[in-house]
$ cat coords10.txt   # compact mmCIF, C-alpha atoms
# COMPACT_ATOMS: atom_id res chain seq x y z
CA MET A 1 148.60 55.26 -56.76
CA ASN A 2 148.72 58.37 -54.56
CA VAL A 3 152.09 59.94 -55.31
CA ALA A 4 153.61 62.78 -53.33
CA SER A 5 155.44 65.70 -54.90
CA PRO A 6 159.22 65.48 -54.45
CA VAL A 7 161.37 68.10 -52.77
CA PHE A 8 163.58 70.14 -55.07
CA PRO A 9 166.55 72.28 -54.01
CA ALA A 10 168.05 74.87 -56.35
CA ALA A 11 168.25 73.57 -59.90
CA PRO A 12 171.54 72.01 -61.01
CA THR A 13 173.87 74.05 -63.17
CA LEU A 14 173.73 73.40 -66.91
CA THR A 15 177.11 74.17 -68.49
CA ARG A 16 177.12 74.69 -72.24
CA LEU A 17 180.34 73.86 -74.06
CA ARG A 18 181.07 74.92 -77.65
CA PHE A 19 183.32 73.11 -80.08
CA GLU A 20 184.74 74.09 -83.42
CA PRO A 21 182.50 72.42 -86.02
CA ARG A 22 184.36 70.09 -88.32
CA ARG A 23 183.41 67.80 -91.17
CA ARG A 24 184.83 64.30 -90.76
CA ARG A 25 185.06 61.63 -93.44
CA LEU A 26 184.53 58.25 -91.74
CA THR A 27 184.39 54.64 -92.84
CA VAL A 28 181.79 52.07 -91.86
CA LEU A 29 183.55 49.36 -89.85
CA SER A 30 180.57 47.20 -88.90
CA THR A 31 176.77 47.02 -88.84
CA GLU A 32 174.46 45.02 -86.59
CA HIS A 33 170.84 44.92 -85.49
CA VAL A 34 170.77 45.55 -81.74
CA THR A 35 167.05 44.77 -81.95
CA PRO A 36 164.86 44.25 -85.04
CA SER A 37 164.18 48.01 -85.17
CA MET A 38 167.51 49.40 -83.95
CA LEU A 39 170.48 49.30 -86.30
CA ARG A 40 174.00 50.02 -85.04
CA LEU A 41 176.85 51.29 -87.20
CA VAL A 42 180.42 51.61 -86.00
CA LEU A 43 182.38 54.24 -87.90
CA GLY A 44 186.12 54.82 -87.79
CA GLY A 45 188.86 57.02 -89.13
CA ASN A 46 191.73 59.34 -88.27
CA ASP A 47 189.37 62.31 -88.56
CA LEU A 48 188.09 61.28 -85.11
CA ALA A 49 191.44 62.13 -83.49
CA ASP A 50 190.06 65.39 -82.04
CA PHE A 51 186.41 64.32 -81.67
CA VAL A 52 184.78 65.44 -78.40
CA SER A 53 181.36 64.52 -77.01
CA ALA A 54 180.97 65.68 -73.40
CA ALA A 55 177.29 64.86 -72.80
CA PRO A 56 175.22 61.73 -73.47
CA ASP A 57 172.60 63.68 -75.43
CA ASP A 58 175.00 65.39 -77.84
CA HIS A 59 174.20 65.32 -81.54
CA VAL A 60 176.22 64.93 -84.69
CA LYS A 61 174.87 65.50 -88.18
CA VAL A 62 175.27 62.75 -90.74
CA VAL A 63 175.62 64.14 -94.26
CA LEU A 64 173.77 62.37 -97.07
CA VAL A 65 174.04 63.27 -100.75
CA ARG A 66 170.94 62.83 -102.90
CA PRO A 67 171.21 61.66 -106.54
CA ASP A 68 170.81 65.30 -107.64
CA GLY A 69 173.86 66.28 -105.57
CA VAL A 70 171.92 68.11 -102.87
CA GLU A 71 173.06 67.38 -99.31
CA GLU A 72 170.67 66.38 -96.55
CA ARG A 73 171.71 66.35 -92.91
CA ARG A 74 170.16 64.44 -90.02
CA ASP A 75 170.87 64.55 -86.27
CA TYR A 76 172.06 61.46 -84.41
CA THR A 77 173.36 60.84 -80.90
CA PRO A 78 176.94 59.60 -80.49
CA ARG A 79 175.98 56.31 -78.86
CA ARG A 80 179.56 55.53 -77.92
CA PHE A 81 182.99 56.98 -78.71
CA ASP A 82 186.25 55.09 -78.28
CA ALA A 83 189.03 57.66 -78.46
CA ALA A 84 191.84 55.09 -78.37
CA ARG A 85 190.40 53.13 -81.31
CA ARG A 86 189.00 56.24 -83.02
CA GLU A 87 185.59 54.62 -83.37
CA LEU A 88 182.21 56.32 -83.25
CA THR A 89 179.03 54.28 -82.76
CA LEU A 90 175.66 55.51 -84.04
CA ASP A 91 172.31 53.77 -83.49
CA PHE A 92 169.52 54.24 -86.06
CA ALA A 93 165.91 53.77 -84.91
CA LEU A 94 164.14 52.24 -87.91
CA HIS A 95 160.72 53.75 -87.25
CA GLU A 96 160.60 55.68 -90.53
CA ALA A 97 162.04 55.40 -94.03
CA GLY A 98 163.90 58.70 -94.23
CA PRO A 99 167.15 59.14 -96.16
CA ALA A 100 169.41 58.42 -93.17
CA THR A 101 167.53 55.24 -92.29
CA LEU A 102 167.61 54.02 -95.88
CA TRP A 103 171.33 54.76 -96.13
CA ALA A 104 172.06 52.94 -92.87
CA LEU A 105 170.07 49.88 -93.94
CA ALA A 106 172.12 49.66 -97.14
CA ALA A 107 175.48 50.46 -95.52
CA ARG A 108 178.27 47.90 -95.61
CA PRO A 109 181.80 47.88 -94.16
CA GLY A 110 184.02 50.11 -96.26
CA ASP A 111 181.28 52.61 -97.12
CA ARG A 112 182.05 56.27 -96.38
CA LEU A 113 179.99 58.77 -94.42
CA ASP A 114 180.61 62.41 -93.60
CA VAL A 115 179.77 63.50 -90.04
CA LEU A 116 179.63 67.04 -88.61
CA GLY A 117 179.94 68.07 -84.95
CA PRO A 118 179.04 67.94 -82.21
CA ARG A 119 178.86 71.74 -82.15
CA GLY A 120 178.49 71.69 -78.38
CA SER A 121 177.44 69.86 -75.23
CA ALA A 122 175.04 70.71 -72.40
CA VAL A 123 176.51 69.16 -69.24
CA VAL A 124 174.29 68.82 -66.15
CA GLU A 125 176.00 69.23 -62.78
CA ASP A 126 175.78 65.65 -61.49
CA ALA A 127 176.59 66.52 -57.87
CA ALA A 128 173.24 68.30 -57.44
CA VAL A 129 171.23 65.34 -58.78
CA ALA A 130 170.20 62.60 -56.35
CA HIS A 131 168.23 60.63 -58.93
CA TRP A 132 167.90 60.63 -62.73
CA LEU A 133 164.59 59.88 -64.44
CA LEU A 134 165.24 59.17 -68.13
CA ILE A 135 162.09 59.16 -70.29
CA GLY A 136 161.93 58.56 -74.01
CA ASP A 137 160.98 56.55 -77.07
CA GLU A 138 163.13 54.59 -79.50
CA THR A 139 164.85 57.71 -80.83
CA ALA A 140 165.95 58.65 -77.31
CA LEU A 141 167.38 55.23 -76.47
CA PRO A 142 170.96 55.99 -77.65
CA ALA A 143 171.19 59.00 -75.32
CA ILE A 144 169.45 57.20 -72.45
CA VAL A 145 171.63 54.10 -72.68
CA ARG A 146 174.79 56.16 -72.98
CA ARG A 147 173.95 58.08 -69.80
CA ILE A 148 173.21 54.82 -67.99
CA GLU A 149 176.44 53.18 -69.14
CA GLU A 150 178.55 56.23 -68.26
CA ALA A 151 176.97 56.76 -64.82
CA ALA A 152 179.32 56.35 -61.89
CA ALA A 153 178.94 53.92 -59.01
CA GLY A 154 176.60 55.46 -56.45
CA ALA A 155 174.41 57.20 -59.01
CA ARG A 156 170.70 56.30 -59.03
CA LEU A 157 168.75 56.16 -62.29
CA THR A 158 165.33 55.11 -63.52
CA SER A 159 164.62 54.67 -67.23
CA LEU A 160 161.12 54.73 -68.70
CA VAL A 161 161.22 53.88 -72.41
CA ALA A 162 158.44 53.16 -74.89
CA VAL A 163 159.01 50.52 -77.57
CA THR A 164 156.73 48.42 -79.76
CA GLY A 165 157.27 45.16 -77.87
CA ALA A 166 159.50 43.00 -75.70
CA GLY A 167 161.79 42.26 -78.64
CA GLU A 168 162.81 45.93 -78.75
CA GLU A 169 163.94 46.09 -75.12
CA GLN A 170 167.67 46.52 -74.52
CA ARG A 171 169.86 45.47 -71.61
CA PHE A 172 172.27 47.91 -70.00
CA ALA A 173 175.63 47.49 -68.26
CA THR A 174 176.25 50.10 -65.58
CA ALA A 175 178.08 50.69 -62.31
CA ALA A 176 175.11 52.74 -61.10
CA THR A 177 171.88 51.62 -59.42
CA LEU A 178 169.30 51.32 -62.19
CA GLU A 179 165.59 50.60 -62.34
CA SER A 180 164.59 49.89 -65.94
CA ARG A 181 160.93 50.19 -66.95
CA TRP A 182 159.46 49.56 -70.40
CA ILE A 183 156.23 50.66 -72.03
CA HIS A 184 154.90 48.53 -74.88
CA ARG A 185 152.74 50.41 -77.36
CA PRO A 186 152.01 49.79 -81.06
CA ALA A 187 153.74 51.61 -83.90
CA THR A 188 150.43 53.37 -84.56
CA ALA A 189 150.71 55.16 -81.19
CA LEU A 190 154.15 56.76 -81.45
CA SER A 191 152.70 60.24 -80.84
CA ASP A 192 150.44 59.23 -77.93
CA ALA A 193 151.60 60.50 -74.53
CA ALA A 194 148.97 58.54 -72.59
CA PRO A 195 151.12 55.41 -72.01
CA PHE A 196 153.92 57.54 -70.54
CA ILE A 197 151.58 59.46 -68.26
CA ALA A 198 149.86 56.26 -67.12
CA ALA A 199 153.24 54.77 -66.21
CA LEU A 200 154.34 57.94 -64.40
CA GLU A 201 151.11 57.91 -62.36
CA THR A 202 152.36 54.72 -60.70
CA MET A 203 155.82 56.09 -59.90
CA ALA A 204 157.01 58.12 -56.94
CA LEU A 205 159.61 60.80 -57.68
CA ALA A 206 162.56 60.87 -55.31
CA PRO A 207 163.75 64.24 -53.98
CA ALA A 208 166.16 66.10 -56.27
CA THR A 209 165.14 64.03 -59.31
CA PHE A 210 166.39 65.41 -62.61
CA VAL A 211 164.13 64.47 -65.52
CA TRP A 212 165.63 64.00 -68.96
CA LEU A 213 162.92 63.61 -71.59
CA ALA A 214 162.98 63.12 -75.36
CA ALA A 215 160.37 61.69 -77.71
CA GLU A 216 158.02 62.73 -80.51
CA ALA A 217 157.39 66.46 -79.97
CA ALA A 218 153.71 66.20 -78.94
CA VAL A 219 154.57 63.42 -76.48
CA ALA A 220 157.46 65.39 -74.97
CA ARG A 221 155.28 68.50 -74.54
CA ALA A 222 152.47 66.54 -72.86
CA VAL A 223 154.77 64.65 -70.50
CA ARG A 224 156.63 67.83 -69.59
CA ALA A 225 153.32 69.56 -68.82
CA TYR A 226 152.19 66.60 -66.68
CA LEU A 227 155.42 66.67 -64.67
CA THR A 228 155.35 70.41 -64.04
CA GLU A 229 151.60 70.91 -63.53
CA ARG A 230 150.57 67.71 -61.78
CA ARG A 231 153.77 66.47 -60.17
CA GLY A 232 155.34 69.80 -59.20
CA VAL A 233 158.67 69.33 -60.97
CA PRO A 234 160.31 72.76 -61.52
CA LEU A 235 161.36 73.55 -65.09
CA GLY A 236 164.97 73.82 -63.94
CA TRP A 237 164.88 70.12 -63.10
CA ILE A 238 163.68 69.05 -66.55
CA LYS A 239 165.59 68.89 -69.82
CA ALA A 240 163.11 68.06 -72.59
CA ALA A 241 163.19 67.87 -76.37
CA GLY A 242 161.03 66.73 -79.23
CA TYR A 243 163.50 64.58 -81.14
CA TRP A 244 161.09 64.24 -84.07
CA VAL A 245 157.70 65.51 -85.23
CA LEU A 246 155.09 63.14 -86.61
CA GLY A 247 154.53 63.79 -90.31
CA GLN A 248 157.43 66.23 -90.71
CA ALA A 249 160.82 65.31 -92.14
CA ASP A 250 163.93 66.49 -90.30
CA ALA A 251 161.90 68.36 -87.66
CA HIS A 252 162.62 68.66 -83.93
CA GLU A 253 161.65 70.88 -81.04
CA LYS A 254 163.81 72.17 -78.19
CA MET A 255 161.99 72.72 -74.92
CA GLY A 256 164.80 73.65 -72.55
$ encode --input "coords10.txt" --output "structure tokens"
Amino acid sequence: MNVASPVFPAAPTLTRLRFEPRRRRLTVLSTEHVTPSMLRLVLGGNDLADFVSAAPDDHVKVVLVRPDGVEERRDYTPRRFDAARRELTLDFALHEAGPATLWALAARPGDRLDVLGPRGSAVVEDAAVAHWLLIGDETALPAIVRRIEEAAAGARLTSLVAVTGAGEEQRFATAATLESRWIHRPATALSDAAPFIAALETMALAPATFVWLAAEAAVARAVRAYLTERRGVPLGWIKAAGYWVLGQADAHEKMG
């Protein structure tokens, strides 16, 4: 497909908010498999009374204590927060057997979990964005779905998400106009950017498209390079991150 480069005005403002970090002791209220490889936990407690999450891609740290007493912390996106009910929802992508995944698989209602943060939020000025392109893998789905669900009527969004098969696709409720696209690739290809780039080659980018991108770090770097070098997307119109690094525990990469 012969795709034209979009037109980009001045980049939207990115406002960074900072919050006082706080450790919260929460209780597991429920667990469910959203898909075979996505586990959802709803946590609750009065410690959430002053919880704030201003952006869909915020992160909290879940605190896990090893048998030797050493703490390990892992980043997760607040999938949903209900202030009135004081409930925080976290989704766990079960693509690896790290300590957080193992804890979540064993969790039952009544179990306790300490959560830190968010320490801050990066809020994109929506008024400057005519179209959102949300690109990611399973680990990015909580942030992508949250942005879709929170989008206002009149907003236009396209999601491009890689999963291992049709059974891992999710359905979204939104007031916005949404085009949802899925890439199916095997679990052996989690760090391969080629399926994303092949899909993007078939897609036109609307003017003033803001690209939000998160995946395995090598994938995120390659897709970001494709968008800037071959599609002419300015860096100010891309927010990219490597949410995880193949073969490295608790590793991530910020790309701006």
$ closest_residue --input "coords10.txt" --among "A:Ile148, A:Ala107, A:Ala49, A:Val70" --to "A:Val28" --atoms "all atoms listed in the file"
A:Ala107
$ residues_around --input "coords10.txt" --residues "stretch 88-98 of chain A" --least-positions-apart "3" --cutoff "10 Å" --atoms "only C-alpha atoms" --output "PyMOL selection string"
chain A and resi 26-45+48+51+60+62+74+76-83+85+101-105+137-143+187+190+249-250
$ closest_residue --input "coords10.txt" --among "A:Trp212, A:Ile144, A:Trp237, A:Leu134" --to "A:Pro9" --atoms "only C-alpha atoms"
A:Trp237
$ closest_residue --input "coords10.txt" --among "A:His252, A:Arg24, A:His184, A:Arg18" --to "A:Ala220" --atoms "all atoms listed in the file"
A:His252
$ atom_distance --input "coords10.txt" --atom1 "atom CA of A:Val63" --atom2 "atom CA of A:Asp114"
5.3 Å
$ axis_aligned_box --input "coords10.txt" --around "stretch 134-143 of chain A" --padding-each-side "5 Å" --output "lines of an AutoDock Vina configuration file"
center_x = 166.1
center_y = 56.9
center_z = -74.5
size_x = 20.2
size_y = 14.6
size_z = 22.7
$ closest_residue --input "coords10.txt" --among "A:Ile238, A:Ala214, A:Val7, A:Leu178" --to "A:Val161" --atoms "only C-alpha atoms"
A:Ala214
$ closest_residue --input "coords10.txt" --among "A:Leu133, A:Val123, A:Ala218, A:Ala10" --to "A:Leu160" --atoms "only C-alpha atoms"
A:Leu133
$ atom_distance --input "coords10.txt" --atom1 "atom CA of A:Val52" --atom2 "atom CA of A:Arg86"
11.1 Å
$ atom_distance --input "coords10.txt" --atom1 "atom CA of A:Ala206" --atom2 "atom CA of A:Ala130"
7.9 Å
$ closest_residue --input "coords10.txt" --among "A:Ser53, A:Thr209, A:Ser121, A:Ser191" --to "A:Leu157" --atoms "only C-alpha atoms"
A:Thr209
$ residues_around --input "coords10.txt" --residues "A:Arg23" --least-positions-apart "6" --cutoff "8 Å" --atoms "all atoms listed in the file" --output "PyMOL selection string"
chain A and resi 114-117
$ residues_near_point --input "coords10.txt" --point "(161.9, 73.0, -77.2)" --cutoff "12 Å" --atoms "only C-alpha atoms" --output "PyMOL selection string"
chain A and resi 213-218+220-221+224+238-245+251-256
$ residues_around --input "coords10.txt" --residues "A:Leu227" --least-positions-apart "3" --cutoff "10 Å" --atoms "only C-alpha atoms" --output "PyMOL selection string"
chain A and resi 5+197+200+211+222-224+230-235+238
$ residues_near_point --input "coords10.txt" --point "(178.2, 79.1, -70.5)" --cutoff "12 Å" --atoms "all atoms listed in the file" --output "number ranges by chain"
A: 13-18, 120-124
$ residues_around --input "coords10.txt" --residues "A:Glu150" --least-positions-apart "2" --cutoff "9 Å" --atoms "all atoms listed in the file" --output "compact mmCIF listing (two decimals) with C-alpha atoms, in the coordinates of the input"
# COMPACT_ATOMS: atom_id res chain seq x y z
CA PRO A 56 175.22 61.73 -73.47
CA VAL A 145 171.63 54.10 -72.68
CA ARG A 146 174.79 56.16 -72.98
CA ARG A 147 173.95 58.08 -69.80
CA ILE A 148 173.21 54.82 -67.99
CA ALA A 152 179.32 56.35 -61.89
CA THR A 174 176.25 50.10 -65.58
CA ALA A 175 178.08 50.69 -62.31
CA ALA A 176 175.11 52.74 -61.10
$ decode --input "coords10.txt" --residues "stretch 31-48 of chain A" --atoms "N, CA, C and O atoms" --output "PDB file, in the first residue's frame"
ATOM      1  N   THR A  31     -10.489 -12.193  41.605  1.00  0.00           N
ATOM      2  CA  THR A  31      -9.564 -12.532  40.520  1.00  0.00           C
ATOM      3  C   THR A  31     -10.363 -13.149  39.383  1.00  0.00           C
ATOM      4  O   THR A  31     -11.351 -13.845  39.622  1.00  0.00           O
ATOM      5  N   GLU A  32      -9.937 -12.878  38.155  1.00  0.00           N
ATOM      6  CA  GLU A  32     -10.588 -13.506  36.998  1.00  0.00           C
ATOM      7  C   GLU A  32      -9.641 -13.489  35.812  1.00  0.00           C
ATOM      8  O   GLU A  32      -8.800 -12.599  35.673  1.00  0.00           O
ATOM      9  N   HIS A  33      -9.784 -14.479  34.942  1.00  0.00           N
ATOM     10  CA  HIS A  33      -9.049 -14.496  33.689  1.00  0.00           C
ATOM     11  C   HIS A  33      -9.855 -13.738  32.640  1.00  0.00           C
ATOM     12  O   HIS A  33     -10.928 -14.183  32.233  1.00  0.00           O
ATOM     13  N   VAL A  34      -9.348 -12.585  32.218  1.00  0.00           N
ATOM     14  CA  VAL A  34      -9.984 -11.830  31.146  1.00  0.00           C
ATOM     15  C   VAL A  34      -9.852 -12.612  29.841  1.00  0.00           C
ATOM     16  O   VAL A  34     -10.771 -12.670  29.028  1.00  0.00           O
ATOM     17  N   THR A  35      -8.664 -13.175  29.630  1.00  0.00           N
ATOM     18  CA  THR A  35      -8.383 -14.117  28.556  1.00  0.00           C
ATOM     19  C   THR A  35      -7.503 -15.202  29.177  1.00  0.00           C
ATOM     20  O   THR A  35      -7.072 -15.061  30.326  1.00  0.00           O
ATOM     21  N   PRO A  36      -7.193 -16.278  28.464  1.00  0.00           N
ATOM     22  CA  PRO A  36      -6.339 -17.302  29.075  1.00  0.00           C
ATOM     23  C   PRO A  36      -4.993 -16.775  29.579  1.00  0.00           C
ATOM     24  O   PRO A  36      -4.447 -17.316  30.545  1.00  0.00           O
ATOM     25  N   SER A  37      -4.479 -15.713  28.958  1.00  0.00           N
ATOM     26  CA  SER A  37      -3.163 -15.208  29.347  1.00  0.00           C
ATOM     27  C   SER A  37      -3.198 -13.811  29.959  1.00  0.00           C
ATOM     28  O   SER A  37      -2.170 -13.136  30.039  1.00  0.00           O
ATOM     29  N   MET A  38      -4.378 -13.378  30.394  1.00  0.00           N
ATOM     30  CA  MET A  38      -4.486 -12.074  31.069  1.00  0.00           C
ATOM     31  C   MET A  38      -5.327 -12.260  32.324  1.00  0.00           C
ATOM     32  O   MET A  38      -6.516 -12.589  32.254  1.00  0.00           O
ATOM     33  N   LEU A  39      -4.687 -12.062  33.466  1.00  0.00           N
ATOM     34  CA  LEU A  39      -5.334 -12.263  34.758  1.00  0.00           C
ATOM     35  C   LEU A  39      -5.623 -10.918  35.393  1.00  0.00           C
ATOM     36  O   LEU A  39      -4.742 -10.054  35.473  1.00  0.00           O
ATOM     37  N   ARG A  40      -6.845 -10.727  35.858  1.00  0.00           N
ATOM     38  CA  ARG A  40      -7.266  -9.462  36.467  1.00  0.00           C
ATOM     39  C   ARG A  40      -7.489  -9.642  37.969  1.00  0.00           C
ATOM     40  O   ARG A  40      -8.190 -10.564  38.392  1.00  0.00           O
ATOM     41  N   LEU A  41      -6.885  -8.742  38.737  1.00  0.00           N
ATOM     42  CA  LEU A  41      -7.109  -8.692  40.176  1.00  0.00           C
ATOM     43  C   LEU A  41      -7.727  -7.345  40.531  1.00  0.00           C
ATOM     44  O   LEU A  41      -7.273  -6.300  40.046  1.00  0.00           O
ATOM     45  N   VAL A  42      -8.767  -7.389  41.343  1.00  0.00           N
ATOM     46  CA  VAL A  42      -9.348  -6.171  41.900  1.00  0.00           C
ATOM     47  C   VAL A  42      -8.918  -6.087  43.352  1.00  0.00           C
ATOM     48  O   VAL A  42      -9.137  -7.021  44.132  1.00  0.00           O
ATOM     49  N   LEU A  43      -8.299  -4.966  43.702  1.00  0.00           N
ATOM     50  CA  LEU A  43      -7.796  -4.728  45.045  1.00  0.00           C
ATOM     51  C   LEU A  43      -8.596  -3.601  45.689  1.00  0.00           C
ATOM     52  O   LEU A  43      -9.033  -2.667  45.009  1.00  0.00           O
ATOM     53  N   GLY A  44      -8.765  -3.671  47.000  1.00  0.00           N
ATOM     54  CA  GLY A  44      -9.519  -2.627  47.678  1.00  0.00           C
ATOM     55  C   GLY A  44      -8.932  -2.300  49.034  1.00  0.00           C
ATOM     56  O   GLY A  44      -8.089  -3.028  49.569  1.00  0.00           O
ATOM     57  N   GLY A  45      -9.375  -1.168  49.571  1.00  0.00           N
ATOM     58  CA  GLY A  45      -8.938  -0.792  50.901  1.00  0.00           C
ATOM     59  C   GLY A  45      -9.012   0.704  51.115  1.00  0.00           C
ATOM     60  O   GLY A  45      -9.012   1.495  50.161  1.00  0.00           O
ATOM     61  N   ASN A  46      -9.097   1.111  52.379  1.00  0.00           N
ATOM     62  CA  ASN A  46      -9.188   2.530  52.711  1.00  0.00           C
ATOM     63  C   ASN A  46      -7.918   3.295  52.361  1.00  0.00           C
ATOM     64  O   ASN A  46      -7.949   4.531  52.250  1.00  0.00           O
ATOM     65  N   ASP A  47      -6.806   2.592  52.170  1.00  0.00           N
ATOM     66  CA  ASP A  47      -5.575   3.270  51.777  1.00  0.00           C
ATOM     67  C   ASP A  47      -5.678   3.893  50.391  1.00  0.00           C
ATOM     68  O   ASP A  47      -4.822   4.691  49.995  1.00  0.00           O
ATOM     69  N   LEU A  48      -6.731   3.552  49.642  1.00  0.00           N
ATOM     70  CA  LEU A  48      -6.932   4.128  48.313  1.00  0.00           C
ATOM     71  C   LEU A  48      -7.697   5.445  48.357  1.00  0.00           C
ATOM     72  O   LEU A  48      -7.993   6.023  47.315  1.00  0.00           O
TER      73      LEU A  48
END
